[in-house]
Each structure stands twice: as structure tokens, then as C-alpha cells.
>>> print(open('protein-v9.cif').read())   # mmCIF, C-alpha atoms
data_query
#
loop_
_atom_site.label_atom_id
_atom_site.label_comp_id
_atom_site.auth_asym_id
_atom_site.auth_seq_id
_atom_site.Cartn_x
_atom_site.Cartn_y
_atom_site.Cartn_z
CA MET A 1 67.99 -7.90 19.64
CA THR A 2 65.92 -4.99 20.76
CA ASP A 3 66.73 -1.37 20.23
CA ALA A 4 65.36 0.91 22.95
CA LYS A 5 65.18 3.78 20.45
CA ASP A 6 62.75 1.88 18.21
CA GLU A 7 60.63 0.77 21.17
CA ARG A 8 60.14 4.40 22.17
CA ARG A 9 58.89 5.56 18.78
CA PRO A 10 55.29 6.82 18.58
CA ALA A 11 52.71 4.02 18.38
CA GLY A 12 51.41 5.31 15.04
CA GLU A 13 54.84 4.94 13.42
CA LEU A 14 55.22 1.39 14.70
CA GLU A 15 51.74 0.49 13.43
CA ALA A 16 52.64 1.91 10.02
CA SER A 17 55.83 -0.19 9.86
CA VAL A 18 53.99 -3.37 10.84
CA LEU A 19 51.16 -2.82 8.34
CA ALA A 20 53.72 -2.08 5.62
CA ALA A 21 55.53 -5.35 6.42
CA LEU A 22 52.27 -7.30 6.07
CA TRP A 23 51.46 -5.63 2.72
CA ALA A 24 54.97 -6.31 1.45
CA ALA A 25 54.63 -10.02 2.29
CA ASP A 26 52.86 -12.34 -0.15
CA ALA A 27 51.42 -14.69 2.48
CA PRO A 28 50.10 -14.44 6.07
CA ARG A 29 52.85 -13.76 8.60
CA THR A 30 53.26 -14.84 12.21
CA PRO A 31 54.44 -12.24 14.76
CA GLY A 32 57.90 -13.82 14.64
CA GLN A 33 58.10 -13.49 10.85
CA VAL A 34 56.84 -9.89 11.01
CA GLN A 35 59.48 -9.08 13.62
CA LEU A 36 62.22 -10.37 11.29
CA SER A 37 60.90 -8.49 8.25
CA LEU A 38 60.77 -5.12 10.04
CA GLY A 39 63.54 -2.61 9.52
CA ALA A 40 63.02 -1.45 13.09
CA SER A 41 64.23 -3.72 15.86
CA LEU A 42 61.27 -4.37 18.11
CA ALA A 43 60.65 -6.98 20.80
CA ARG A 44 58.39 -9.83 19.73
CA THR A 45 55.87 -8.88 22.43
CA THR A 46 55.71 -5.36 21.02
CA VAL A 47 55.07 -6.71 17.52
CA THR A 48 52.32 -9.00 18.87
CA THR A 49 50.70 -6.06 20.68
CA ILE A 50 50.72 -3.93 17.53
CA LEU A 51 49.32 -6.78 15.41
CA THR A 52 46.50 -7.30 17.92
CA ARG A 53 45.72 -3.57 17.89
CA LEU A 54 45.63 -3.49 14.07
CA TYR A 55 43.41 -6.59 14.08
CA ASP A 56 41.02 -4.92 16.54
CA LYS A 57 40.81 -1.91 14.21
CA GLY A 58 39.91 -4.24 11.33
CA VAL A 59 42.91 -3.18 9.23
CA ILE A 60 44.34 -6.70 9.16
CA GLY A 61 42.86 -10.19 9.38
CA ARG A 62 44.26 -13.33 11.00
CA ARG A 63 43.94 -17.08 10.93
CA ARG A 64 45.03 -19.84 13.28
CA GLU A 65 48.48 -21.19 12.65
CA GLY A 66 49.94 -23.63 15.13
CA ARG A 67 49.61 -22.21 18.62
CA GLY A 68 49.24 -18.62 17.48
CA TYR A 69 47.91 -16.54 14.59
CA ALA A 70 49.17 -15.59 11.18
CA TYR A 71 48.18 -12.08 10.08
CA PHE A 72 47.38 -10.70 6.64
CA PRO A 73 46.31 -7.26 5.35
CA VAL A 74 42.69 -6.65 4.38
CA GLN A 75 41.35 -4.04 1.99
CA ASP A 76 38.72 -1.59 3.09
CA VAL A 77 35.40 -3.37 3.73
CA GLN A 78 33.47 -1.14 1.32
CA ASP A 79 36.15 -1.61 -1.30
CA ALA A 80 37.01 -5.28 -1.05
CA HIS A 81 38.93 -5.51 -4.31
CA GLY A 82 40.67 -2.17 -4.15
CA LEU A 83 39.23 -1.33 -7.54
CA THR A 84 38.20 2.19 -6.63
CA ALA A 85 41.61 2.98 -5.23
CA ARG A 86 43.34 1.56 -8.28
CA ARG A 87 41.19 3.55 -10.67
CA MET A 88 41.71 6.78 -8.74
CA HIS A 89 45.40 6.16 -8.65
CA SER A 90 45.65 5.79 -12.40
CA GLU A 91 43.63 8.99 -12.82
CA LEU A 92 46.01 10.82 -10.53
CA ASP A 93 48.92 9.37 -12.45
CA ARG A 94 47.83 11.16 -15.58
CA ASP A 95 47.73 14.48 -13.79
CA SER A 96 51.09 16.12 -14.35
CA ASP A 97 50.33 18.80 -11.75
CA ARG A 98 50.46 16.19 -9.06
CA GLU A 99 54.20 16.00 -9.46
CA ARG A 100 54.40 19.50 -8.03
CA VAL A 101 51.90 19.63 -5.16
CA LEU A 102 52.83 16.28 -3.71
CA ALA A 103 56.38 15.57 -2.67
CA ARG A 104 56.92 12.18 -4.25
CA PHE A 105 59.55 9.78 -3.03
CA VAL A 106 61.15 9.27 -6.44
CA ALA A 107 60.81 11.08 -9.74
CA GLN A 108 60.76 9.42 -13.13
CA LEU A 109 64.10 8.25 -14.48
CA SER A 110 65.75 8.73 -17.83
CA PRO A 111 67.65 5.77 -19.35
CA GLY A 112 70.92 7.46 -18.33
CA ASP A 113 69.69 7.78 -14.74
CA GLU A 114 68.83 4.11 -14.72
CA ARG A 115 72.37 3.13 -15.72
CA ILE A 116 73.92 5.39 -13.08
CA LEU A 117 71.66 4.00 -10.36
CA ARG A 118 72.35 0.38 -11.31
CA ASN A 119 76.08 1.09 -11.16
CA LEU A 120 75.70 2.73 -7.76
CA LEU A 121 73.69 -0.21 -6.41
CA GLU A 122 76.20 -2.72 -7.76
CA SER A 123 79.18 -0.88 -6.32
CA ASP A 124 77.29 -0.87 -3.03
CA GLY A 125 77.62 -4.64 -2.96
CA ARG A 126 74.01 -5.68 -3.23
CA MET B 1 64.16 56.47 -13.00
CA THR B 2 61.84 54.32 -15.11
CA ALA B 3 64.88 52.28 -16.08
CA LEU B 4 65.17 51.27 -12.42
CA LEU B 5 61.94 49.31 -12.85
CA LEU B 6 63.64 47.10 -15.45
CA LEU B 7 65.86 45.69 -12.69
CA PRO B 8 63.12 43.58 -11.00
CA LEU B 9 62.28 42.17 -14.43
CA LEU B 10 65.89 41.20 -15.19
CA LEU B 11 67.06 39.93 -11.79
CA PRO B 12 65.01 36.69 -11.94
CA PHE B 13 67.29 35.56 -14.77
CA ALA B 14 70.16 35.48 -12.27
CA LEU B 15 68.29 33.24 -9.85
CA PRO B 16 68.37 29.81 -11.61
CA PRO B 17 72.21 29.54 -11.61
CA LEU B 18 72.34 31.03 -8.10
CA ALA B 19 69.75 28.52 -6.88
CA ARG B 20 71.77 25.61 -8.30
CA ARG B 21 74.89 26.89 -6.52
CA ALA B 22 72.93 27.36 -3.29
CA LEU B 23 71.80 23.74 -3.45
CA ASP B 24 75.42 22.65 -4.03
CA ARG B 25 76.89 24.75 -1.25
CA LEU B 26 74.28 25.17 1.49
CA THR B 27 72.60 22.48 3.56
CA PRO B 28 69.48 21.30 1.71
CA VAL B 29 67.11 22.86 4.28
CA ALA B 30 68.88 26.23 4.11
CA ALA B 31 68.91 26.08 0.29
CA LEU B 32 65.23 25.13 0.18
CA TRP B 33 63.98 28.07 2.23
CA SER B 34 66.45 30.73 1.05
CA VAL B 35 65.84 29.95 -2.65
CA THR B 36 62.07 29.77 -2.12
CA GLY B 37 62.03 33.07 -0.24
CA CYS B 38 64.18 34.72 -2.91
CA ALA B 39 61.98 33.36 -5.73
CA VAL B 40 58.81 34.67 -4.05
CA LEU B 41 60.31 38.14 -3.51
CA LEU B 42 61.62 38.33 -7.08
CA ALA B 43 58.24 37.19 -8.42
CA GLY B 44 56.42 39.81 -6.36
CA CYS B 45 58.80 42.60 -7.39
CA SER B 46 58.61 41.70 -11.08
CA ALA B 47 54.80 41.68 -10.94
CA ALA B 48 54.88 45.05 -9.15
CA ALA B 49 57.19 46.48 -11.82
CA LEU B 50 54.86 45.28 -14.58
CA GLY B 51 51.95 46.86 -12.71
CA LEU B 52 53.76 50.20 -12.51
CA PHE B 53 54.51 50.16 -16.25
CA VAL B 54 50.81 49.56 -16.92
CA LEU B 55 49.87 52.39 -14.56
CA LEU B 56 52.27 54.82 -16.26
CA GLY B 57 50.85 53.89 -19.65
CA LEU B 58 47.25 54.28 -18.50
CA LEU B 59 47.90 57.74 -17.06
CA GLU B 60 49.02 58.83 -20.54
CA LEU B 61 45.45 58.28 -21.73
CA PRO B 62 43.21 61.35 -21.27
CA LEU B 63 40.42 59.27 -19.71
CA PHE B 64 42.64 57.82 -16.97
CA ALA B 65 44.48 61.12 -16.52
CA ALA B 66 41.09 62.69 -15.75
CA LEU B 67 40.18 59.85 -13.41
CA GLY B 68 43.52 60.32 -11.64
CA GLU B 69 42.77 64.05 -11.34
CA LEU B 70 45.98 64.95 -13.16
CA VAL B 71 46.16 68.68 -13.91
CA HIS B 72 49.58 68.55 -15.60
CA PRO B 73 50.80 65.93 -18.08
CA LEU B 74 52.69 63.10 -16.35
CA ARG B 75 56.44 63.46 -16.75
CA THR B 76 57.68 60.21 -18.25
CA ALA B 77 60.75 59.12 -20.19
CA SER B 78 59.08 59.37 -23.58
CA ASP B 79 55.87 58.14 -25.15
CA ALA B 80 57.91 55.98 -27.51
CA PHE B 81 58.92 53.90 -24.49
CA VAL B 82 56.03 54.26 -22.06
CA VAL B 83 53.17 53.18 -24.32
CA PRO B 84 54.75 49.99 -25.77
CA ALA B 85 56.09 49.11 -22.31
CA ALA B 86 52.63 49.51 -20.83
CA ALA B 87 51.06 47.38 -23.57
CA ALA B 88 53.68 44.63 -23.19
CA SER B 89 53.38 44.72 -19.40
CA ALA B 90 49.61 44.47 -19.55
CA GLY B 91 49.94 41.45 -21.83
CA ALA B 92 52.53 39.83 -19.57
CA LEU B 93 50.41 40.43 -16.47
CA ALA B 94 47.36 38.91 -18.18
CA VAL B 95 49.35 35.82 -19.20
CA CYS B 96 50.78 35.46 -15.66
CA GLY B 97 47.38 35.92 -14.06
CA TRP B 98 45.80 33.33 -16.32
CA ALA B 99 48.64 30.85 -15.66
CA LEU B 100 48.33 31.44 -11.91
CA VAL B 101 44.59 30.81 -11.90
CA ARG B 102 44.92 27.70 -14.05
CA SER B 103 47.77 26.31 -11.98
CA THR B 104 45.96 26.98 -8.69
CA THR B 105 42.76 25.25 -9.78
CA GLY B 106 44.79 22.31 -11.17
CA GLN B 107 46.76 21.93 -7.94
CA VAL B 108 43.63 22.13 -5.80
CA ARG B 109 41.94 19.50 -7.96
CA ALA B 110 44.94 17.16 -7.81
CA PHE B 111 45.21 17.67 -4.06
CA ARG B 112 41.52 16.88 -3.52
CA ALA B 113 41.82 13.75 -5.66
CA ALA B 114 44.85 12.64 -3.66
CA ARG B 115 43.05 13.22 -0.35
CA ALA B 116 40.00 11.29 -1.57
CA GLU B 117 42.28 8.49 -2.67
CA ALA B 118 44.06 8.43 0.69
CA GLY B 119 40.73 8.43 2.52
CA ARG B 120 39.86 4.99 1.15
CA GLY B 121 42.79 2.67 1.66
CA PRO B 122 43.66 0.72 4.78
CA ALA B 123 45.38 2.92 7.34
CA ALA B 124 47.62 2.46 10.35
CA GLY B 125 49.16 5.38 12.17
CA ASP B 126 49.99 7.97 9.51
CA LEU B 127 50.29 5.38 6.72
CA ARG B 128 47.74 4.89 3.95
CA VAL B 129 48.21 1.92 1.67
CA VAL B 130 46.91 2.13 -1.90
CA ASP B 131 46.58 -1.16 -3.74
CA SER B 132 48.26 -0.42 -7.05
CA PRO B 133 50.65 -2.19 -9.43
CA TYR B 134 52.68 1.03 -9.79
CA PRO B 135 55.36 1.79 -7.18
CA ASP B 136 54.63 5.24 -5.82
CA ALA B 137 54.84 7.09 -2.53
CA TYR B 138 54.16 10.65 -1.50
CA ALA B 139 53.59 12.87 1.49
CA LEU B 140 50.04 14.22 1.71
CA PRO B 141 49.78 17.33 3.91
CA GLY B 142 46.54 18.02 5.76
CA ARG B 143 44.87 17.26 9.06
CA PRO B 144 46.19 14.76 9.88
CA HIS B 145 49.27 14.44 7.67
CA ARG B 146 49.42 11.21 5.69
CA VAL B 147 52.10 9.11 4.07
CA VAL B 148 50.57 7.43 1.03
CA VAL B 149 52.36 4.37 -0.34
CA THR B 150 51.27 1.87 -2.97
CA THR B 151 51.50 -1.87 -2.37
CA ALA B 152 53.92 -2.18 -5.30
CA MET B 153 56.27 0.30 -3.60
CA LEU B 154 56.07 -1.57 -0.27
CA ARG B 155 56.92 -4.83 -2.06
CA SER B 156 59.93 -3.46 -3.89
CA LEU B 157 61.69 -2.43 -0.65
CA ASP B 158 62.93 -4.47 2.31
CA GLY B 159 62.10 -3.66 5.94
CA SER B 160 64.88 -1.16 6.63
CA GLU B 161 64.38 0.49 3.23
CA ARG B 162 60.70 0.98 4.07
CA GLU B 163 61.79 2.77 7.24
CA VAL B 164 63.84 5.13 5.03
CA LEU B 165 60.78 5.79 2.88
CA PHE B 166 58.60 6.59 5.91
CA ALA B 167 61.27 8.76 7.50
CA HIS B 168 61.67 10.65 4.19
CA GLU B 169 57.94 11.35 3.82
CA ARG B 170 57.55 12.27 7.49
CA ALA B 171 60.43 14.74 7.09
CA HIS B 172 58.53 16.41 4.21
CA LEU B 173 55.44 16.73 6.41
CA ALA B 174 57.23 17.78 9.59
CA GLY B 175 59.34 20.31 7.66
CA GLY B 176 56.32 21.85 5.91
CA HIS B 177 58.06 21.39 2.54
CA HIS B 178 54.72 21.61 0.73
CA TYR B 179 54.58 25.35 1.53
CA ALA B 180 57.87 25.83 -0.32
CA LEU B 181 56.66 23.72 -3.25
CA VAL B 182 53.43 25.71 -3.55
CA ALA B 183 55.28 29.04 -3.26
CA ALA B 184 57.81 28.00 -5.92
CA GLU B 185 54.98 26.83 -8.17
CA LEU B 186 53.19 30.19 -7.90
CA ALA B 187 56.43 32.14 -8.40
CA ALA B 188 57.17 30.08 -11.53
CA HIS B 189 54.05 31.49 -13.17
CA CYS B 190 55.00 35.11 -12.40
CA HIS B 191 58.24 35.16 -14.40
CA PRO B 192 59.51 32.68 -17.04
CA ALA B 193 63.03 32.61 -15.54
CA LEU B 194 61.63 31.35 -12.24
CA ARG B 195 60.34 28.15 -13.86
CA ARG B 196 63.73 26.49 -13.61
CA VAL B 197 63.97 27.61 -9.99
CA ARG B 198 60.84 25.56 -9.28
CA ASP B 199 62.72 22.37 -10.20
CA THR B 200 65.63 23.36 -7.97
CA VAL B 201 63.26 23.96 -5.06
CA GLY B 202 61.70 20.53 -5.66
CA LEU B 203 65.14 18.91 -5.62
CA ALA B 204 66.11 20.85 -2.49
CA ALA B 205 62.97 19.57 -0.72
CA GLU B 206 63.83 15.97 -1.67
CA ARG B 207 67.45 16.44 -0.55
CA ALA B 208 66.31 17.91 2.78
CA ALA B 209 63.99 14.94 3.36
CA ASP B 210 66.75 12.51 2.31
CA GLU B 211 69.16 14.00 4.84
CA ALA B 212 66.51 13.89 7.58
CA ALA B 213 65.77 10.25 6.71
CA ALA B 214 69.48 9.40 6.80
CA VAL B 215 69.68 10.90 10.31
CA ALA B 216 66.51 9.06 11.42
CA VAL B 217 67.71 5.63 10.27
CA GLY B 218 71.34 6.45 11.06
CA ASP B 219 72.70 5.14 7.75
CA ARG B 220 73.43 7.24 4.64
CA ARG B 221 74.23 4.24 2.41
CA LEU B 222 70.99 2.53 3.35
CA THR B 223 69.08 5.73 2.55
CA ALA B 224 70.81 6.02 -0.84
CA ARG B 225 70.07 2.37 -1.60
CA ALA B 226 66.38 2.71 -0.71
CA ILE B 227 65.96 5.70 -3.02
CA ALA B 228 67.80 4.01 -5.90
CA ARG B 229 65.81 0.80 -5.50
CA ALA B 230 62.47 2.62 -5.33
CA ALA B 231 63.31 4.64 -8.44
CA LEU B 232 64.38 1.56 -10.39
CA ALA B 233 61.23 -0.30 -9.37
CA GLY B 234 59.14 2.63 -10.64
CA ARG B 235 61.12 2.66 -13.87
CA ALA B 236 60.55 -1.06 -14.46
CA ALA B 237 56.80 -0.67 -13.95
CA ARG B 238 56.46 2.42 -16.12
CA THR B 239 58.45 1.69 -19.29
CA ALA B 240 55.48 0.19 -21.13
CA ARG B 241 53.13 3.00 -20.21
CA PRO B 242 52.09 5.70 -22.66
CA GLY B 243 52.89 9.33 -22.04
CA PHE B 244 56.29 8.66 -20.56
CA ALA B 245 58.94 10.89 -22.05
CA PRO B 246 62.45 10.24 -20.79
CA GLY B 247 64.55 13.37 -20.27
CA ALA B 248 68.07 13.70 -21.57
CA ALA B 249 69.93 15.27 -18.66
CA THR B 250 70.89 13.52 -15.44
CA GLY B 251 67.71 13.54 -13.42
CA PRO B 252 67.22 14.39 -9.76
CA VAL B 253 67.30 10.83 -8.40
CA PRO B 254 70.96 10.02 -9.23
CA GLN B 255 71.94 13.44 -7.83
CA ARG B 256 70.20 12.61 -4.56
CA VAL B 257 71.79 9.16 -4.35
CA GLN B 258 75.24 10.54 -5.11
CA ALA B 259 74.85 13.31 -2.53
CA LEU B 260 73.97 10.73 0.12
CA LEU B 261 76.94 8.54 -0.76
CA ALA B 262 79.26 11.56 -0.50
CA ALA B 263 80.24 12.93 2.89
CA PRO B 264 77.89 15.57 4.36
CA ARG B 265 79.25 19.04 3.66
CA SER B 266 80.07 21.70 6.15
CA PRO B 267 77.44 24.45 6.42
CA ARG B 268 80.08 27.23 6.31
CA ALA B 269 80.92 26.58 2.65
CA GLY B 270 77.99 28.52 1.26
CA ARG B 271 78.30 31.97 2.81
CA ALA B 272 79.11 33.66 -0.50
CA VAL B 273 76.14 32.16 -2.32
CA ALA B 274 73.84 32.94 0.62
CA ALA B 275 75.04 36.55 0.52
CA LEU B 276 74.39 36.68 -3.24
CA LEU B 277 70.84 35.37 -2.75
CA VAL B 278 70.16 38.03 -0.12
CA ALA B 279 71.70 40.72 -2.34
CA CYS B 280 69.60 39.59 -5.30
CA ALA B 281 66.37 39.82 -3.30
CA ALA B 282 67.40 43.11 -1.65
CA VAL B 283 68.31 44.84 -4.94
CA SER B 284 65.03 43.73 -6.48
CA CYS B 285 63.03 45.01 -3.48
CA VAL B 286 64.89 48.33 -3.30
CA ALA B 287 64.47 48.88 -7.06
CA SER B 288 60.74 48.16 -6.85
CA VAL B 289 60.18 50.36 -3.81
CA THR B 290 62.25 53.22 -5.26
CA GLY B 291 60.48 52.88 -8.59
CA THR B 292 57.09 52.93 -6.87
CA ALA B 293 58.03 55.96 -4.79
CA ASP B 294 59.23 57.73 -7.95
CA VAL B 295 56.01 57.01 -9.84
CA HIS B 296 54.01 58.14 -6.83
CA HIS B 297 55.97 61.38 -6.66
CA ARG B 298 55.45 62.05 -10.36
CA VAL B 299 51.72 61.45 -10.05
CA GLU B 300 51.57 63.87 -7.11
CA VAL B 301 53.41 66.45 -9.20
CA ALA B 302 51.02 65.92 -12.10
CA GLN B 303 48.11 66.33 -9.69
CA GLY B 304 49.60 69.65 -8.73
CA GLU B 305 49.99 68.65 -5.09
CA GLU B 306 53.78 68.68 -5.07
CA ARG B 307 56.34 70.83 -6.73
CA PRO B 308 58.62 69.02 -9.21
#
>>> encode(input="protein-v9.cif", output="C-alpha cells")
Amino acid sequence: MTDAKDERRPAGELEASVLAALWAADAPRTPGQVQLSLGASLARTTVTTILTRLYDKGVIGRRREGRGYAYFPVQDVQDAHGLTARRMHSELDRDSDRERVLARFVAQLSPGDERILRNLLESDGR
Amino acid sequence: MTALLLLPLLLPFALPPLARRALDRLTPVAALWSVTGCAVLLAGCSAAALGLFVLLGLLELPLFAALGELVHPLRTASDAFVVPAAAASAGALAVCGWALVRSTTGQVRAFRAARAEAGRGPAAGDLRVVDSPYPDAYALPGRPHRVVVTTAMLRSLDGSEREVLFAHERAHLAGGHHYALVAAELAAHCHPALRRVRDTVGLAAERAADEAAAVAVGDRRLTARAIARAALAGRAARTARPGFAPGAATGPVPQRVQALLAAPRSPRAGRAVAALLVACAAVSCVASVTGTADVHHRVEVAQGEERP
């Protein structure tokens, strides 16, 4: 199933979705598995093209699996363990001003909020 | 006429309830920009009014009267009012100025730290991934714009929910919502009543991005679910952390989710509240300009250049 609308999206957006899918996975993924785990509906050939492009940029790694490759995300070369990023992130976390300059996806919840959200999710059938 | 200058100082107290109504009645984008514009105008007018009170008080002093080349005493309401008002205004202006400087340096520092952080992680397209056990995601304006997402956030959402997240952050960046957030932040330091407006502007920006994301993925329920799931994942990761103080009132996230699950409202519903916002800003501006013109006239009279 291929949606022409998703195929026409800018290449950068498609690359972002594919990289996100690899980071969300806990093991290397074949192009077929990546295609299934994407929210966007893309042709398998498109997914393979994007994976190859990301591999060429050094953002992801790959290993042989059967007749093709399985891909996995790699951290920055200079920062193999992501320690710097993690430390900076926790420093930013302590900065209350950040809440205001950066539009965050979700704000912190109160216990009441949590109950309301769980009810909403349950009534949504998932 | 000096009493007219009190109006710009009092009108900001009317804005928080008006802003809430605007967010309820107008489309989120319209609410975001109209409330932000109104808050900035009211902040500017209140600062101008404080400045005029200080000026009036200073011209009562012989030294400044001489500097201002006043040949007659300045006609003012009465010294009993003008001098304390000037002292209080000077204090208020100093506090506002200090808060503005501190806030600006803090924001710049946080922004630089965020850009440095985003410059390190693996990138693809506009996405920067930060390896972190805490679910978090934010839009980072700059050249080029970035969407920064932690690995924990990516893992707590499924594929279509991640598309919602990206669409939401891209809507923030494409809509220039950070300008509104910065403006509301600065306005909040100019008048205490505008502090609550800052939260409303923040919520309006999130609502605007939510609606844009719902249009982009074509599914309001999916958008609501993604936001709820991301918020709950963040909650689960954060409960054990120090410095977390849960609020008592219903927070912004359930409001956003509920608004998405409800039907989109018609844009015509909010004409009255839009008119009130415009009126609020207009009255404040007219009062400030009239007050300024009046003070100017009185100074000219005192300088002997105009007849009373």
C-alpha cells in the first residue's frame, strides 16, 4: 500500500521518519521491517533508497542479513557513547527557562492530568 | 489628565481572562497572535505610563526643572500624588528592567545550550536525535530549523504517532511560534498581570501546532493519542526525579487532548472576544498617547513656549 502523498514529501522529512524508526527499534531492521514500522506509507524501494542515503552519510550502520542488509542507528563518531549529549540534556533539564524559549511537545503532568489522560486513552480503545 | 495614565497600568489585569476566552473561542492561530500582540501593546503602554510618572516627578525637582529649562512650575495634580507616584513608578521600572535583563540572558543561555546539544546528535533531514533516557521533544528555531527528539521519546511512540510529533514540531517552526513565545515572555516581565497571559500564549502555540499536525496526518484522534502517550511516557520517567512539583489545576496537556477529541470549532464564534481584545489594546494605546501629549503640553507651558 503506497500513498502518493507520502511519496511526494520532502526528502528531509522522509529521512527523519526513517531514522526515527531505526532509533525506536531495539535491534537492526531490514528495509521491509522499517517500511512496516513507519507511520508514513512508502514504497519499499523508497525506504531502501533512504536507508542507503543515510548509510552513505554515516548516520546509520548496516550488517549483512540474508540477501540484503539490516540497518541500525549509530551515534556521532566523536561521541560514540552519547555521554556528552546525555550530560548536556540533563543540564538543560534543570533550566526552567528552557520551558519558555523552546516549544516542547508535552509539558509536565500533575497526578490529576495523568488520570484524565489514562481515561482518554482507554476510552479511545487502545 | 494624569488619571488617564492609570488606565494603561490597570488594563493588563483584564487581559488574562480575555486571553483564556480568546483561546476558547478563536482558532488557536488567531488566539496566539491576537493575544500576543495585545500583551505586547499593553506591556509597552504600561511601561510608557510608568516612564511618564517618573518624568513628572523628576520635573518637580529644582535640578531637573532647571535642566528641562522650565521657567514656570509644572502644573500637576498635586505633589501629594505626583511624588509618591514617581517614586513607585521608578521602583517598578527598575524591577521590570532587571527582570527583563535577567530573563533575556537566561533565555539566550538556554537557547545556546540547546543549539550546542542539537549540534552533536545524529541528524537526518531536520531531525536531531539525542540519546537520553528521558522522553522529550522540542522545536529548535534557527538556521536551519531543527526538531530535537530524545531516543526515549522515539521509543514511546509508534510510527504514526512519531509522524504526529514531527508534524507538530514542524508546525511550530513553520508558524514562527517562537516569536510569540519570546514576545509573551518579555511582556510578562513588564507587568505582573501579564505573567498569566504568558501561559495562555504557550498553550495557544501548542494548540495551533496540534491542529496543524492533525491536518498533516489527517487524523485528530491519532494526534490526541500521540500527545497523551508522549505526556504519560514523560510522567513515568520523571516521577522519581528531584525538583518535580506537580501542579494542582488541570494542566495544558489534557486540555489539548480534549480539544482534539472535540469537533473543530467554527471561526465565527469568537468575534466578540476578538473585538474586546482590539478594544483593550486600543484604549491602552489611546490613553498612553493622550497622556504623553498632555505631559508634553504641560512641559511646553512650563517652559513658557505655549500659553496654558
>>> residues_around(input="protein-v9.cif", residues="stretch 20-34 of chain A", least_positions_apart="3", cutoff="7 Å", atoms="only C-alpha atoms", output="list in words")
Ala16, Ser17, Ser37, Leu38, Arg44, Val47, Thr48, Tyr69, Ala70, Tyr71, Phe72 and Pro73 of chain A; Thr151, Leu154, Arg155 and Gly159 of chain B
>>> resolve_selection(input="protein-v9.cif", expression="the PyMOL selection byres ((chain B) within 7 of (chain A))", output="PyMOL selection string")
chain B and resi 106-107+110+117+120-127+130-132+137-140+151+154-155+159-160+163+178+181-182+225+227-228+230-232+235+246-248+250-251+253-254
>>> residues_near_point(input="protein-v9.cif", point="(65.9, 49.5, -4.7)", cutoff="12 Å", atoms="all atoms listed in the file", output="PyMOL selection string")
chain B and resi 1+3-8+11+45+49+279-294
>>> atom_distance(input="protein-v9.cif", atom1="atom CA of B:Leu165", atom2="atom CA of B:Ala19")
26.3 Å
>>> residues_around(input="protein-v9.cif", residues="B:Ala99", least_positions_apart="2", cutoff="12 Å", atoms="all atoms listed in the file", output="JSON, numbers by chain")
{"B": [92, 93, 94, 95, 96, 97, 101, 102, 103, 104, 105, 106, 107, 185, 186, 187, 188, 189, 190, 191, 192]}
>>> resolve_selection(input="protein-v9.cif", expression="the PyMOL selection byres ((chain B and resi 30) around 12)", output="ChimeraX atom specification")
/B:19,22-29,31-38,175,177,180,201,204-205,207-208,267-268,270-271,273-274,277
>>> atom_distance(input="protein-v9.cif", atom1="atom CA of B:Val82", atom2="atom CA of B:Leu15")
27.2 Å
>>> atom_distance(input="protein-v9.cif", atom1="atom CA of A:Gly66", atom2="atom CA of A:Thr49")
18.4 Å
>>> resolve_selection(input="protein-v9.cif", expression="the PyMOL selection byres ((chain B and resi 84-90) around 6)", output="list in words")
Leu50, Phe53, Val54, Gly57, Phe81, Val82, Val83, Gly91, Ala92 and Leu93 of chain B
>>> closest_residue(input="protein-v9.cif", among="B:Ala269, B:Asp199, B:Glu161, B:Ser78", to="B:Asp219", atoms="all atoms listed in the file")
B:Glu161
>>> residues_around(input="protein-v9.cif", residues="B:Ala118", least_positions_apart="4", cutoff="7 Å", atoms="all atoms listed in the file", output="PDB file with C-alpha atoms, in the coordinates of the input")
ATOM      1  CA  ALA B 114      44.850  12.640  -3.660  1.00  0.00           C
ATOM      2  CA  ARG B 128      47.740   4.890   3.950  1.00  0.00           C
ATOM      3  CA  VAL B 148      50.570   7.430   1.030  1.00  0.00           C
TER       4      VAL B 148
END
>>> build_atoms(input="protein-v9.cif", residues="stretch 106-119 of chain A", atoms="N, CA and C atoms", output="mmCIF file, keeping the file's coordinate frame")
data_model
loop_
_atom_site.group_PDB
_atom_site.id
_atom_site.type_symbol
_atom_site.label_atom_id
_atom_site.label_comp_id
_atom_site.auth_asym_id
_atom_site.auth_seq_id
_atom_site.Cartn_x
_atom_site.Cartn_y
_atom_site.Cartn_z
ATOM 1 N N VAL A 106 60.199 9.306 -5.330
ATOM 2 C CA VAL A 106 61.150 9.270 -6.440
ATOM 3 C C VAL A 106 60.501 9.812 -7.708
ATOM 4 N N ALA A 107 61.283 10.552 -8.471
ATOM 5 C CA ALA A 107 60.810 11.080 -9.740
ATOM 6 C C ALA A 107 61.057 10.052 -10.831
ATOM 7 N N GLN A 108 60.526 10.336 -12.028
ATOM 8 C CA GLN A 108 60.760 9.420 -13.130
ATOM 9 C C GLN A 108 62.213 9.481 -13.570
ATOM 10 N N LEU A 109 62.693 8.358 -14.102
ATOM 11 C CA LEU A 109 64.100 8.250 -14.480
ATOM 12 C C LEU A 109 64.259 8.311 -15.987
ATOM 13 N N SER A 110 65.387 8.847 -16.427
ATOM 14 C CA SER A 110 65.750 8.730 -17.830
ATOM 15 C C SER A 110 66.617 7.475 -17.955
ATOM 16 N N PRO A 111 66.810 6.976 -19.198
ATOM 17 C CA PRO A 111 67.650 5.770 -19.350
ATOM 18 C C PRO A 111 69.046 5.963 -18.762
ATOM 19 N N GLY A 112 69.598 7.184 -18.899
ATOM 20 C CA GLY A 112 70.920 7.460 -18.330
ATOM 21 C C GLY A 112 70.908 7.332 -16.820
ATOM 22 N N ASP A 113 69.845 7.873 -16.202
ATOM 23 C CA ASP A 113 69.690 7.780 -14.740
ATOM 24 C C ASP A 113 69.688 6.332 -14.302
ATOM 25 N N GLU A 114 68.976 5.507 -15.079
ATOM 26 C CA GLU A 114 68.830 4.110 -14.720
ATOM 27 C C GLU A 114 70.202 3.434 -14.672
ATOM 28 N N ARG A 115 71.034 3.738 -15.665
ATOM 29 C CA ARG A 115 72.370 3.130 -15.720
ATOM 30 C C ARG A 115 73.183 3.569 -14.513
ATOM 31 N N ILE A 116 73.150 4.877 -14.218
ATOM 32 C CA ILE A 116 73.920 5.390 -13.080
ATOM 33 C C ILE A 116 73.480 4.701 -11.795
ATOM 34 N N LEU A 117 72.175 4.590 -11.610
ATOM 35 C CA LEU A 117 71.660 4.000 -10.360
ATOM 36 C C LEU A 117 72.050 2.538 -10.253
ATOM 37 N N ARG A 118 71.972 1.798 -11.378
ATOM 38 C CA ARG A 118 72.350 0.380 -11.310
ATOM 39 C C ARG A 118 73.820 0.242 -10.946
ATOM 40 N N ASN A 119 74.661 1.117 -11.518
ATOM 41 C CA ASN A 119 76.080 1.090 -11.160
ATOM 42 C C ASN A 119 76.286 1.370 -9.691
#
